[in-house]
Every structure is written in C-alpha cells, then in structure tokens.
file my_file_5.txt (compact mmCIF, C-alpha atoms)
# COMPACT_ATOMS: atom_id res chain seq x y z
CA MET A 1 -30.18 -185.34 -51.10
CA VAL A 2 -28.40 -188.03 -49.13
CA SER A 3 -29.76 -191.47 -49.85
CA LEU A 4 -31.61 -193.33 -47.12
CA LYS A 5 -29.05 -196.11 -47.16
CA THR A 6 -26.18 -193.69 -46.50
CA LEU A 7 -28.11 -192.19 -43.60
CA ARG A 8 -28.80 -195.61 -42.11
CA THR A 9 -25.11 -196.48 -42.29
CA ARG A 10 -24.13 -193.19 -40.69
CA ILE A 11 -26.58 -193.63 -37.84
CA ARG A 12 -25.23 -197.09 -37.22
CA THR A 13 -21.62 -195.86 -37.26
CA VAL A 14 -22.34 -193.12 -34.75
CA GLN A 15 -24.15 -195.56 -32.49
CA GLU A 16 -21.21 -197.96 -32.62
CA THR A 17 -18.86 -195.13 -31.69
CA GLN A 18 -21.14 -194.17 -28.84
CA LYS A 19 -20.92 -197.71 -27.48
CA ILE A 20 -17.14 -197.50 -27.52
CA THR A 21 -16.98 -194.10 -25.82
CA THR A 22 -19.47 -195.21 -23.15
CA ALA A 23 -17.35 -198.27 -22.45
CA MET A 24 -14.19 -196.16 -22.29
CA MET A 25 -15.85 -193.78 -19.89
CA LEU A 26 -16.83 -196.62 -17.58
CA VAL A 27 -13.35 -198.10 -17.75
CA SER A 28 -11.64 -194.81 -16.94
CA GLY A 29 -14.18 -194.28 -14.17
CA SER A 30 -13.01 -197.41 -12.41
CA LYS A 31 -9.37 -196.63 -13.19
CA LEU A 32 -9.93 -193.19 -11.70
CA ARG A 33 -11.05 -194.73 -8.44
CA LYS A 34 -8.04 -197.03 -8.45
CA ALA A 35 -5.68 -194.13 -9.07
CA GLU A 36 -7.35 -192.24 -6.26
CA THR A 37 -6.82 -195.07 -3.79
CA ARG A 38 -3.23 -195.48 -4.93
CA TYR A 39 -2.55 -191.83 -4.28
CA GLU A 40 -4.32 -191.80 -0.95
CA GLU A 41 -2.31 -194.80 0.20
CA ALA A 42 0.91 -193.05 -0.75
CA GLU A 43 -0.16 -189.68 0.58
CA VAL A 44 0.65 -190.45 4.23
CA PHE A 45 4.15 -191.41 3.20
CA ILE A 46 4.66 -188.43 0.89
CA LYS A 47 3.31 -185.86 3.34
CA GLY A 48 4.88 -187.45 6.42
CA PHE A 49 8.29 -187.69 4.84
CA GLU A 50 8.11 -184.09 3.72
CA THR A 51 7.32 -182.94 7.25
CA LEU A 52 10.16 -185.04 8.60
CA LEU A 53 12.58 -183.53 6.11
CA LYS A 54 11.39 -180.06 6.95
CA ASP A 55 11.83 -180.79 10.65
CA VAL A 56 15.33 -182.04 10.11
CA LEU A 57 16.44 -179.26 7.78
CA THR A 58 15.25 -176.50 10.05
CA LEU A 59 17.24 -177.83 12.98
CA GLU A 60 20.09 -175.62 14.03
CA GLN A 61 22.48 -178.48 14.51
CA ILE A 62 22.18 -179.48 10.86
CA ASP A 63 24.96 -178.19 8.68
CA THR A 64 23.68 -177.85 5.15
CA VAL A 65 26.69 -176.06 3.73
CA GLY A 66 28.37 -179.05 2.19
CA VAL A 67 25.24 -180.71 0.85
CA GLU A 68 25.18 -180.27 -2.90
CA LEU A 69 21.51 -181.05 -3.38
CA LEU A 70 20.60 -178.09 -1.21
CA MET A 71 23.07 -175.59 -2.57
CA PRO A 72 21.94 -172.93 -5.00
CA PRO A 73 23.36 -173.91 -8.41
CA LYS A 74 26.82 -172.61 -9.17
CA GLU A 75 25.98 -171.50 -12.67
CA ASN A 76 22.27 -172.05 -13.23
CA ALA A 77 23.00 -172.38 -16.92
CA ARG A 78 22.03 -175.93 -17.78
CA HIS A 79 18.52 -177.13 -17.11
CA LEU A 80 16.97 -180.55 -17.19
CA ILE A 81 13.25 -180.63 -17.87
CA ILE A 82 11.23 -183.68 -16.98
CA VAL A 83 7.83 -183.87 -18.60
CA MET A 84 5.22 -186.25 -17.25
CA THR A 85 2.36 -187.07 -19.57
CA SER A 86 0.21 -190.08 -20.31
CA ASP A 87 1.11 -192.98 -22.57
CA ARG A 88 -2.29 -193.05 -24.19
CA GLY A 89 -4.39 -190.47 -25.98
CA LEU A 90 -8.15 -189.89 -26.13
CA CYS A 91 -8.10 -187.84 -22.97
CA GLY A 92 -9.08 -184.45 -24.31
CA ALA A 93 -6.65 -181.59 -23.90
CA PHE A 94 -4.87 -183.28 -20.97
CA ASN A 95 -1.46 -183.72 -22.58
CA THR A 96 -1.67 -180.59 -24.71
CA VAL A 97 -2.18 -178.44 -21.62
CA ILE A 98 0.94 -179.81 -19.93
CA ILE A 99 2.97 -179.48 -23.12
CA ARG A 100 1.84 -175.87 -23.59
CA GLU A 101 3.15 -175.07 -20.12
CA VAL A 102 6.41 -176.85 -20.91
CA LYS A 103 6.82 -174.99 -24.20
CA ASN A 104 6.35 -171.63 -22.48
CA HIS A 105 9.01 -172.59 -19.96
CA LEU A 106 11.38 -173.73 -22.69
CA LYS A 107 10.87 -170.51 -24.63
CA SER A 108 11.64 -168.36 -21.60
CA LEU A 109 14.77 -170.44 -20.91
CA GLU A 110 15.80 -169.95 -24.51
CA GLU A 111 15.33 -166.20 -24.20
CA GLU A 112 17.47 -166.15 -21.09
CA GLY A 113 20.16 -167.86 -23.06
CA LYS A 114 20.22 -171.05 -21.01
CA THR A 115 20.86 -174.48 -22.35
CA PHE A 116 18.52 -177.30 -21.55
CA SER A 117 17.73 -180.93 -22.22
CA ILE A 118 14.38 -182.65 -22.03
CA LEU A 119 13.51 -185.98 -20.49
CA PRO A 120 10.00 -186.98 -21.48
CA TRP A 121 8.23 -189.47 -19.25
CA GLY A 122 5.15 -190.69 -21.09
CA ARG A 123 4.74 -191.46 -24.77
CA LYS A 124 2.27 -188.69 -25.64
CA GLY A 125 4.48 -185.94 -24.29
CA ARG A 126 7.43 -187.29 -26.24
CA ASP A 127 5.39 -187.35 -29.45
CA LEU A 128 4.05 -183.84 -28.92
CA LEU A 129 7.46 -182.34 -28.19
CA ARG A 130 9.37 -184.23 -30.84
CA GLY A 131 8.43 -181.84 -33.67
CA ASN A 132 10.00 -178.59 -32.51
CA TRP A 133 12.03 -179.61 -29.48
CA GLY A 134 13.11 -183.13 -30.43
CA GLY A 135 16.71 -181.98 -30.78
CA TYR A 136 16.89 -181.27 -27.06
CA PHE A 137 15.89 -184.76 -25.96
CA LEU A 138 18.37 -186.63 -23.83
CA LYS A 139 20.18 -189.14 -25.95
CA GLU A 140 20.07 -191.82 -23.31
CA GLU A 141 17.03 -194.03 -23.30
CA MET A 142 15.54 -195.33 -20.11
CA VAL A 143 14.59 -198.96 -19.97
CA LEU A 144 11.91 -199.76 -17.49
CA ASN A 145 10.60 -203.28 -17.63
CA ASN A 146 6.90 -203.27 -16.81
CA GLU A 147 7.38 -202.08 -13.28
CA THR A 148 4.02 -201.50 -11.64
CA ASN A 149 5.08 -200.52 -8.13
CA ALA A 150 4.77 -196.73 -8.03
CA PHE A 151 7.67 -196.18 -5.64
CA LYS A 152 10.00 -198.44 -7.60
CA LYS A 153 9.10 -196.57 -10.77
CA ALA A 154 9.74 -193.25 -9.04
CA ASN A 155 13.01 -194.58 -7.63
CA PHE A 156 14.06 -195.65 -11.09
CA LEU A 157 13.49 -192.18 -12.53
CA LYS A 158 15.14 -190.58 -9.50
CA ASP A 159 18.21 -192.80 -9.93
CA HIS A 160 18.38 -191.80 -13.57
CA ILE A 161 18.23 -188.11 -12.66
CA MET A 162 20.79 -188.48 -9.87
CA ASN A 163 23.07 -190.35 -12.22
CA LEU A 164 22.95 -187.43 -14.66
CA TYR A 165 23.45 -185.00 -11.78
CA LYS A 166 26.51 -186.81 -10.48
CA ARG A 167 28.00 -186.77 -13.97
CA ASP A 168 27.47 -183.00 -13.91
CA MET A 169 25.09 -182.91 -16.87
CA PHE A 170 22.83 -180.17 -15.48
CA ASP A 171 22.54 -177.55 -12.73
CA VAL A 172 18.81 -177.28 -12.22
CA CYS A 173 16.14 -179.92 -12.68
CA THR A 174 12.51 -178.91 -13.08
CA PHE A 175 9.66 -181.28 -13.56
CA PHE A 176 6.20 -180.86 -14.96
CA TYR A 177 3.23 -182.96 -13.97
CA SER A 178 -0.50 -182.62 -13.66
CA GLN A 179 -2.16 -182.02 -10.32
CA PHE A 180 -5.59 -183.54 -9.83
CA TYR A 181 -8.16 -181.21 -8.31
CA SER A 182 -11.37 -182.76 -9.54
CA VAL A 183 -12.62 -184.77 -12.48
CA MET A 184 -13.29 -181.45 -14.19
CA SER A 185 -9.97 -179.76 -13.49
CA GLN A 186 -6.39 -180.93 -13.67
CA VAL A 187 -3.77 -178.24 -13.47
CA PRO A 188 -0.22 -178.54 -14.81
CA GLN A 189 2.40 -177.97 -12.14
CA LYS A 190 6.01 -176.92 -12.31
CA GLU A 191 8.28 -178.04 -9.53
CA GLN A 192 11.98 -177.60 -8.99
CA LEU A 193 13.47 -180.93 -8.07
CA ILE A 194 17.18 -180.18 -7.91
CA PRO A 195 18.43 -178.34 -6.00
CA VAL A 196 15.84 -179.11 -3.36
CA SER A 197 14.05 -175.86 -2.63
CA PHE A 198 15.32 -174.71 0.69
CA PHE A 199 13.12 -174.19 3.69
CA PRO A 200 13.75 -170.83 5.36
CA ARG A 201 15.78 -171.00 8.52
CA GLU A 202 13.57 -168.54 10.35
CA GLU A 203 11.05 -171.28 10.88
CA ARG A 204 13.29 -172.84 13.46
CA SER A 205 11.91 -173.24 16.89
CA PRO A 206 14.07 -173.88 19.94
CA LEU A 207 11.97 -176.89 20.85
CA GLN A 208 12.78 -178.60 17.60
CA SER A 209 16.47 -178.29 18.20
CA LEU A 210 16.29 -180.96 20.84
CA ARG A 211 16.70 -183.91 18.56
CA GLU A 212 19.29 -186.59 18.34
CA PHE A 213 20.56 -188.36 15.29
CA GLU A 214 21.97 -191.74 14.59
CA PRO A 215 24.23 -191.87 12.70
CA ASP A 216 25.46 -188.30 12.40
CA PRO A 217 23.13 -186.38 10.06
CA SER A 218 25.93 -185.44 7.71
CA LEU A 219 26.32 -189.15 6.98
CA PHE A 220 22.79 -189.78 5.84
CA LEU A 221 21.54 -186.38 4.72
CA GLU A 222 22.28 -187.12 1.09
CA SER A 223 20.43 -190.42 0.94
CA PHE A 224 17.70 -188.82 3.01
CA LEU A 225 17.30 -186.11 0.38
CA GLU A 226 17.37 -188.70 -2.38
CA MET A 227 14.49 -190.50 -0.74
CA TYR A 228 12.68 -187.18 -0.59
CA LEU A 229 13.24 -186.75 -4.33
CA SER A 230 11.74 -190.19 -4.88
CA THR A 231 8.63 -189.20 -2.96
CA ARG A 232 8.29 -186.01 -5.04
CA VAL A 233 8.67 -187.96 -8.27
CA MET A 234 6.15 -190.50 -7.04
CA HIS A 235 3.78 -187.68 -6.13
CA GLY A 236 4.05 -186.34 -9.68
CA MET A 237 3.57 -189.74 -11.27
CA LEU A 238 0.54 -190.68 -9.22
CA GLN A 239 -1.06 -187.28 -9.67
CA THR A 240 -0.50 -187.44 -13.43
CA GLU A 241 -2.03 -190.92 -13.65
CA TRP A 242 -4.98 -189.80 -11.59
CA SER A 243 -5.47 -186.64 -13.70
CA GLU A 244 -5.22 -188.65 -16.90
CA GLN A 245 -8.12 -190.86 -15.91
CA GLY A 246 -10.19 -187.86 -14.86
CA ALA A 247 -9.50 -186.10 -18.13
CA ARG A 248 -10.31 -189.21 -20.14
CA MET A 249 -13.54 -189.72 -18.27
CA MET A 250 -14.63 -186.17 -19.05
CA ALA A 251 -13.54 -186.43 -22.68
CA MET A 252 -15.41 -189.70 -23.16
CA ASP A 253 -18.47 -188.33 -21.40
CA GLY A 254 -18.49 -185.40 -23.83
CA ALA A 255 -17.97 -187.71 -26.78
CA THR A 256 -20.88 -189.91 -25.68
CA ARG A 257 -23.13 -186.89 -25.37
CA ASN A 258 -22.09 -185.60 -28.79
CA ALA A 259 -22.75 -189.02 -30.32
CA LYS A 260 -26.22 -189.04 -28.76
CA GLU A 261 -27.02 -185.61 -30.22
CA MET A 262 -25.69 -186.64 -33.58
CA THR A 263 -27.79 -189.80 -33.66
CA GLN A 264 -30.87 -187.77 -32.85
CA SER A 265 -30.37 -185.22 -35.60
CA LEU A 266 -29.44 -187.94 -38.09
CA GLN A 267 -32.52 -189.92 -37.13
CA LEU A 268 -34.67 -186.82 -37.67
CA LEU A 269 -33.11 -186.25 -41.07
CA TYR A 270 -33.61 -189.92 -41.92
CA ASN A 271 -37.31 -189.84 -40.97
CA ARG A 272 -37.88 -186.66 -42.94
CA SER A 273 -36.22 -187.98 -46.07
CA ARG A 274 -38.15 -191.24 -45.77
CA GLN A 275 -41.40 -189.34 -45.46
CA ALA A 276 -40.42 -187.11 -48.37
CA THR A 277 -39.76 -190.12 -50.59
CA ILE A 278 -43.11 -191.69 -49.66
CA THR A 279 -44.98 -188.45 -50.35
CA LYS A 280 -43.20 -188.04 -53.64
CA GLU A 281 -44.10 -191.58 -54.73
CA LEU A 282 -47.73 -191.06 -53.66
CA ILE A 283 -47.97 -187.88 -55.69
CA GLU A 284 -46.50 -189.70 -58.67
CA ILE A 285 -49.05 -192.53 -58.39
CA ILE A 286 -52.01 -190.17 -57.93
CA SER A 287 -51.05 -187.86 -60.77
CA GLY A 288 -50.40 -190.93 -62.91
CA SER A 289 -53.90 -192.31 -62.29
CA GLU A 290 -55.47 -188.86 -62.87
CA ALA A 291 -53.82 -188.63 -66.25
CA LEU A 292 -55.53 -191.80 -67.44
CA MET B 1 2.64 -197.93 25.81
CA PHE B 2 3.31 -195.67 22.88
CA LYS B 3 2.23 -195.47 19.28
CA VAL B 4 4.16 -197.04 16.41
CA MET B 5 3.33 -196.44 12.76
CA ILE B 6 4.92 -198.14 9.79
CA ILE B 7 4.41 -195.95 6.74
CA THR B 8 5.26 -197.16 3.22
CA PRO B 9 4.44 -195.76 -0.22
CA SER B 10 1.72 -198.38 -0.54
CA GLY B 11 -0.02 -197.36 2.64
CA VAL B 12 0.13 -197.41 6.42
CA LEU B 13 0.96 -200.98 7.35
CA LEU B 14 0.71 -200.67 11.08
CA ASP B 15 -0.71 -198.23 13.56
CA GLU B 16 -0.61 -199.72 17.03
CA ASP B 17 0.25 -199.07 20.65
CA VAL B 18 3.16 -201.17 21.83
CA PHE B 19 5.40 -201.48 24.87
CA MET B 20 8.68 -201.55 23.02
CA CYS B 21 9.87 -201.37 19.46
CA VAL B 22 13.26 -202.64 18.28
CA LEU B 23 14.47 -200.91 15.13
CA PRO B 24 17.20 -202.15 12.76
CA GLY B 25 19.32 -198.98 12.92
CA GLU B 26 22.18 -198.43 10.55
CA GLU B 27 24.58 -198.46 13.50
CA GLY B 28 22.95 -201.41 15.21
CA ALA B 29 19.60 -202.43 16.65
CA LEU B 30 17.86 -199.86 18.78
CA GLY B 31 15.14 -200.44 21.35
CA VAL B 32 12.62 -197.68 21.82
CA LEU B 33 10.36 -197.28 24.83
CA GLU B 34 7.89 -194.61 25.74
CA ASN B 35 9.36 -191.16 26.50
CA HIS B 36 12.37 -191.73 24.34
CA ILE B 37 14.40 -188.65 23.49
CA PRO B 38 13.31 -187.18 20.12
CA MET B 39 15.49 -188.73 17.48
CA VAL B 40 15.87 -189.39 13.78
CA VAL B 41 17.43 -192.74 12.91
CA ALA B 42 18.54 -194.13 9.59
CA LEU B 43 17.36 -197.72 9.24
CA LYS B 44 18.89 -200.51 7.24
CA LYS B 45 17.18 -203.53 5.76
CA GLY B 46 16.31 -205.84 8.58
CA ARG B 47 13.81 -206.96 11.17
CA LEU B 48 11.63 -204.72 13.26
CA ASP B 49 10.21 -206.24 16.46
CA LEU B 50 7.23 -204.95 18.37
CA TYR B 51 6.84 -206.03 22.01
CA LYS B 52 3.56 -206.25 23.88
CA THR B 53 5.37 -206.57 27.22
CA SER B 54 9.07 -206.60 28.01
CA SER B 55 9.37 -210.20 26.86
CA GLU B 56 6.37 -210.94 24.67
CA ILE B 57 6.67 -210.19 20.97
CA LEU B 58 3.52 -208.82 19.40
CA ARG B 59 4.50 -208.67 15.75
CA GLN B 60 7.54 -208.64 13.53
CA PHE B 61 8.21 -206.94 10.22
CA ASP B 62 10.91 -207.24 7.61
CA ILE B 63 11.65 -203.75 6.38
CA GLU B 64 13.75 -202.13 3.66
CA ASN B 65 15.97 -199.08 4.10
CA GLY B 66 14.26 -196.14 5.67
CA TYR B 67 14.12 -193.60 8.46
CA ALA B 68 12.46 -193.54 11.84
CA GLN B 69 11.22 -190.44 13.55
CA ILE B 70 11.05 -190.98 17.29
CA ASN B 71 9.10 -188.65 19.54
CA LYS B 72 8.16 -188.97 23.18
CA GLU B 73 4.85 -190.66 22.51
CA SER B 74 5.22 -192.00 19.01
CA CYS B 75 7.55 -193.59 16.54
CA PHE B 76 7.04 -193.18 12.81
CA VAL B 77 8.87 -195.60 10.56
CA TYR B 78 9.20 -194.50 6.93
CA THR B 79 10.38 -197.31 4.71
CA GLU B 80 10.24 -198.26 1.04
CA SER B 81 8.45 -201.49 1.81
CA ALA B 82 7.72 -203.71 4.77
CA GLU B 83 6.33 -207.17 5.17
CA SER B 84 4.75 -208.74 8.19
CA VAL B 85 6.50 -211.88 9.39
CA ALA B 86 3.97 -214.59 10.10
call {"tool": "encode", "arguments": {"input": "my_file_5.txt", "output": "structure tokens"}}
result
Amino acid sequence: MVSLKTLRTRIRTVQETQKITTAMMLVSGSKLRKAETRYEEAEVFIKGFETLLKDVLTLEQIDTVGVELLMPPKENARHLIIVMTSDRGLCGAFNTVIIREVKNHLKSLEEEGKTFSILPWGRKGRDLLRGNWGGYFLKEEMVLNNETNAFKKANFLKDHIMNLYKRDMFDVCTFFYSQFYSVMSQVPQKEQLIPVSFFPREERSPLQSLREFEPDPSLFLESFLEMYLSTRVMHGMLQTEWSEQGARMMAMDGATRNAKEMTQSLQLLYNRSRQATITKELIEIISGSEAL
Amino acid sequence: MFKVMIITPSGVLLDEDVFMCVLPGEEGALGVLENHIPMVVALKKGRLDLYKTSSEILRQFDIENGYAQINKESCFVYTESAESVA
C-alpha cells in the first residue's frame, strides 16, 4: 500500500500543476482575444487587396504573359515548402497536425520524384521535422530581430522567398499554416504561393474593363503581386498565431479538468487508506486489551 | 462628396466623406473628386491630403507605398502604414 505521506505529496503536486494549467488557460484566453482583434484589423486589408488584385488581373487590358509570378512553372521540379508552426509547445496536437499534413505532402513529392527544400517558420515545426527531413532544410538562416508588426514580419518572409525565387532556387512555393475556425477546431491549410494561382479569365465582365492605370500596369504589376504575397503570408501568420492560442486554451482546459479528476480520486484513496490505518490500529488495541 | 478609406494591415485608419482627396501617385500628385473615372494608381511614400471644400483641408496623412483603387463614389487606399499628421 502507498504510504499516506506519499499520497499527500502526490495530491499537492497535482494541485500545483492544476494551478499552472489554469493560469496558462487564462493567459491564452486573453492572448486568443488579442490574436482575434489583430486578425480582424488586418482582414479588411487582406480581403480588400485580394479583391483589388482579382479585379485588376481579370481586366482584358492587362497583359499577364510576361509576368513570371503568374506563369505556370517551366519545370515544376523544385519545390519550396514553408511550414508555419508555433514557437512554444503545450498546445495539444496543434503542431503535430500541421506537421503530419506537411509530411504527407513531402512524401507525395518524393514519390513524384521532385526535389524540395523546407523553410520552417516557428521553432516547434523545425524541431518536429528535423529528425527525418532535417537534410532538406534551407541552409540559409533568417535573422528577424524581435519584429512585432505583423505586416513587417510577413514582408520579411516574403522578401526572403522572393530573394530565393529571383536566384532561381525553386519553381513552386507552397506554404502550410493553420486556419482558425473555432477554439475547438483549427485546420491545417495548404496554399500555393508562387506562382500566384491564376484567376480564370472567363470571370471578366465588360464593365470592369473600363479602368485606367497610372503608371502603366506592366510597370507595377510585379510589385503589386509582391504586396499580394505579403498579405497572404500575413494571413497565414496571423491565422497560425490565432489557432495556436485556441489550441493551447483547449489543451490547458483539458489538463485542468484531468488534474481535478486526479485530485479527487487521489483524495478518495487517501481518505480510505487513512481510515484503514485507523481501523487497523483500533483492532490492534482492542485485541491487545482482550488478551490481557 | 465621396467616400475615402485608408486601409492598412493594422486596421482601417479612415473612413470618411470628403470633397477632394490628393494622392501621392508614383507619377506625381493626383487630385480625386467625385465621379472620377475608375482607376488603379500606384502610390509612393508621401502625403495624402483630404479636403473638406475646394480650399479647406480636413486631414492629412503620411503614407507608405501602396495602391489606390478609385471608383466613381469611393476611393480605397491600400498602404503598408499611414500616420495622421496633427
């Protein structure tokens, strides 16, 4: 039988843990709200810019033939995979789910005989992929000095990707992030970043064609598309941060509940053993006195 | 009067009806009034002026690079960041 002292210590340990998980849940709850506001603030920009781009690209007067970012890849042989995960753990299966999706994608690329390199964004994803896929990591390290502005962060990553693209290091760039649906569900998403998925030309309406440009669209289409890439990257980053907090909140909520259950059953065991010891001692005393 | 919106990644900074809006276009400043021809303009870093009447300035903003989408009754300015000039 476990001694009473051991049980007391265990109960105390579980209670301490419960305090921590409760605190973490509250913290991620408030961070979740912050992440939500951050995304909602950016949403107008992200959605609006996307509509604008769509408007512009479906115009008849726009010549997209020479624009590399829109062209289907010449070879489609080299892929760049960007994986967005969290920097911190203790958020349930959040990172594992994204990584599973990534691994499936990598395996199918491997089967198709394509070469690829991985660019992990987020410490946990890097750690999880390092074991089997570490050899495919990009050699170049990114240095980002405590930037907190979401768009600047996204711009930084976009510049890094564009830099690799201009040096002809890959043909297709896909990125993985987590889309927030609710606190209970965050779904990993796969999105092709480069080349920019093309909007079908059939959607053109004659009304839309009446639009002027300054300067000529061919002069700014590339930087226009780059800004669009930044908004996509920002979308992914903000959604991942938001999902992370949701996942952590759920994980910590579960942990708190488990700790509560554990304390209860341990307390029950403790009371029983205490009672058992008392009864045993009583019997010993009584039988001792009877023997006299 | 027509509607002008300044939209940045950190939120909508302005949503107001104005008489005229002067944008820092890449090829030079550009004044926009109501019923302007639909247009997409690349903007450079500079000052954006909003006029209450033809001579009275309502507000001014310093904006980064961006794009403006001009329609007959509205003008949407998408920029990385903008700051109101006091």
call {"tool": "interface_residues", "arguments": {"input": "my_file_5.txt", "of": "chain A", "to": "chain B", "cutoff": "6 Å", "atoms": "all atoms listed in the file", "output": "ChimeraX atom specification"}}
result
/A:41-42,45,211-214
call {"tool": "residues_around", "arguments": {"input": "my_file_5.txt", "residues": "A:Thr13", "least_positions_apart": "6", "cutoff": "12 Å", "atoms": "all atoms listed in the file", "output": "PyMOL selection string"}}
result
chain A and resi 6-7+19-20+259-260+262-263+266
call {"tool": "atom_distance", "arguments": {"input": "my_file_5.txt", "atom1": "atom CA of A:Ser28", "atom2": "atom CA of A:Ser86"}}
result
13.2 Å
call {"tool": "residues_around", "arguments": {"input": "my_file_5.txt", "residues": "B:Met1", "least_positions_apart": "5", "cutoff": "7 Å", "atoms": "all atoms listed in the file", "output": "number ranges by chain"}}
result
B: 17-19, 34
call {"tool": "atom_distance", "arguments": {"input": "my_file_5.txt", "atom1": "atom CA of A:Phe175", "atom2": "atom CA of A:Leu106"}}
result
12.0 Å
call {"tool": "closest_atom_pairs", "arguments": {"input": "my_file_5.txt", "of": "stretch 169-239 of chain A", "to": "stretch 59-81 of chain A", "cutoff": "8 Å", "atoms": "all atoms listed in the file", "output": "JSON lines"}}
result
{"residue": "A:Met169", "atom": "CA", "partner": "A:Arg78", "partner_atom": "CA", "distance": 7.7}
{"residue": "A:Phe170", "atom": "CA", "partner": "A:Arg78", "partner_atom": "CA", "distance": 4.9}
{"residue": "A:Asp171", "atom": "CA", "partner": "A:Arg78", "partner_atom": "CA", "distance": 5.3}
{"residue": "A:Val172", "atom": "CA", "partner": "A:His79", "partner_atom": "CA", "distance": 4.9}
{"residue": "A:Cys173", "atom": "CA", "partner": "A:Leu80", "partner_atom": "CA", "distance": 4.6}
{"residue": "A:Thr174", "atom": "CA", "partner": "A:Ile81", "partner_atom": "CA", "distance": 5.1}
{"residue": "A:Phe175", "atom": "CA", "partner": "A:Ile81", "partner_atom": "CA", "distance": 5.6}
{"residue": "A:Phe176", "atom": "CA", "partner": "A:Ile81", "partner_atom": "CA", "distance": 7.6}
{"residue": "A:Ile194", "atom": "CA", "partner": "A:Leu69", "partner_atom": "CA", "distance": 6.3}
{"residue": "A:Pro195", "atom": "CA", "partner": "A:Leu69", "partner_atom": "CA", "distance": 4.9}
{"residue": "A:Val196", "atom": "CA", "partner": "A:Leu70", "partner_atom": "CA", "distance": 5.3}
{"residue": "A:Ser197", "atom": "CA", "partner": "A:Leu70", "partner_atom": "CA", "distance": 7.1}
{"residue": "A:Phe198", "atom": "CA", "partner": "A:Leu70", "partner_atom": "CA", "distance": 6.6}
{"residue": "A:Arg204", "atom": "CA", "partner": "A:Leu59", "partner_atom": "CA", "distance": 6.4}
{"residue": "A:Gln208", "atom": "CA", "partner": "A:Leu59", "partner_atom": "CA", "distance": 6.5}
{"residue": "A:Ser209", "atom": "CA", "partner": "A:Leu59", "partner_atom": "CA", "distance": 5.3}
{"residue": "A:Pro217", "atom": "CA", "partner": "A:Ile62", "partner_atom": "CA", "distance": 7.0}
{"residue": "A:Ser218", "atom": "CA", "partner": "A:Asp63", "partner_atom": "CA", "distance": 7.4}
{"residue": "A:Leu221", "atom": "CA", "partner": "A:Val67", "partner_atom": "CA", "distance": 7.8}
{"residue": "A:Glu222", "atom": "CA", "partner": "A:Val67", "partner_atom": "CA", "distance": 7.1}
{"residue": "A:Leu225", "atom": "CA", "partner": "A:Leu69", "partner_atom": "CA", "distance": 7.6}
call {"tool": "atom_distance", "arguments": {"input": "my_file_5.txt", "atom1": "atom CA of A:Met234", "atom2": "atom CA of A:Asn149"}}
result
10.1 Å
call {"tool": "residues_around", "arguments": {"input": "my_file_5.txt", "residues": "B:Asn35", "least_positions_apart": "3", "cutoff": "9 Å", "atoms": "only C-alpha atoms", "output": "list in words"}}
result
Phe2, Val32, Pro38, Asn71, Lys72, Glu73 and Ser74 of chain B
call {"tool": "residues_around", "arguments": {"input": "my_file_5.txt", "residues": "A:Gly254", "least_positions_apart": "4", "cutoff": "12 Å", "atoms": "only C-alpha atoms", "output": "ChimeraX atom specification"}}
result
/A:18,21-22,24-25,90-92,184,247-250,258-261
call {"tool": "residues_near_point", "arguments": {"input": "my_file_5.txt", "point": "(17.3, -203.6, 13.6)", "cutoff": "8 Å", "atoms": "all atoms listed in the file", "output": "list in words"}}
result
Val22, Leu23, Pro24, Gly25, Glu26, Gly28, Ala29, Leu30, Leu43, Lys44, Lys45, Gly46, Arg47 and Leu48 of chain B
call {"tool": "build_atoms", "arguments": {"input": "my_file_5.txt", "residues": "stretch 247-259 of chain A", "atoms": "N, CA and C atoms", "output": "mmCIF file, in the coordinates of the input"}}
result
data_model
loop_
_atom_site.group_PDB
_atom_site.id
_atom_site.type_symbol
_atom_site.label_atom_id
_atom_site.label_comp_id
_atom_site.auth_asym_id
_atom_site.auth_seq_id
_atom_site.Cartn_x
_atom_site.Cartn_y
_atom_site.Cartn_z
ATOM 1 N N ALA A 247 -9.359 -186.787 -16.855
ATOM 2 C CA ALA A 247 -9.500 -186.100 -18.130
ATOM 3 C C ALA A 247 -10.155 -187.007 -19.162
ATOM 4 N N ARG A 248 -9.740 -188.284 -19.161
ATOM 5 C CA ARG A 248 -10.310 -189.210 -20.140
ATOM 6 C C ARG A 248 -11.793 -189.423 -19.873
ATOM 7 N N MET A 249 -12.132 -189.514 -18.601
ATOM 8 C CA MET A 249 -13.540 -189.720 -18.270
ATOM 9 C C MET A 249 -14.380 -188.558 -18.792
ATOM 10 N N MET A 250 -13.898 -187.334 -18.572
ATOM 11 C CA MET A 250 -14.630 -186.170 -19.050
ATOM 12 C C MET A 250 -14.705 -186.157 -20.564
ATOM 13 N N ALA A 251 -13.576 -186.457 -21.225
ATOM 14 C CA ALA A 251 -13.540 -186.430 -22.680
ATOM 15 C C ALA A 251 -14.522 -187.447 -23.256
ATOM 16 N N MET A 252 -14.540 -188.641 -22.651
ATOM 17 C CA MET A 252 -15.410 -189.700 -23.160
ATOM 18 C C MET A 252 -16.876 -189.398 -22.853
ATOM 19 N N ASP A 253 -17.112 -188.743 -21.742
ATOM 20 C CA ASP A 253 -18.470 -188.330 -21.400
ATOM 21 C C ASP A 253 -18.985 -187.349 -22.452
ATOM 22 N N GLY A 254 -18.128 -186.382 -22.807
ATOM 23 C CA GLY A 254 -18.490 -185.400 -23.830
ATOM 24 C C GLY A 254 -18.726 -186.081 -25.167
ATOM 25 N N ALA A 255 -17.846 -187.018 -25.499
ATOM 26 C CA ALA A 255 -17.970 -187.710 -26.780
ATOM 27 C C ALA A 255 -19.280 -188.495 -26.840
ATOM 28 N N THR A 256 -19.636 -189.143 -25.719
ATOM 29 C CA THR A 256 -20.880 -189.910 -25.680
ATOM 30 C C THR A 256 -22.070 -188.981 -25.900
ATOM 31 N N ARG A 257 -22.022 -187.833 -25.231
ATOM 32 C CA ARG A 257 -23.130 -186.890 -25.370
ATOM 33 C C ARG A 257 -23.240 -186.386 -26.811
ATOM 34 N N ASN A 258 -22.088 -186.058 -27.398
ATOM 35 C CA ASN A 258 -22.090 -185.600 -28.790
ATOM 36 C C ASN A 258 -22.668 -186.661 -29.711
ATOM 37 N N ALA A 259 -22.268 -187.933 -29.464
ATOM 38 C CA ALA A 259 -22.750 -189.020 -30.320
ATOM 39 C C ALA A 259 -24.270 -189.131 -30.207
#
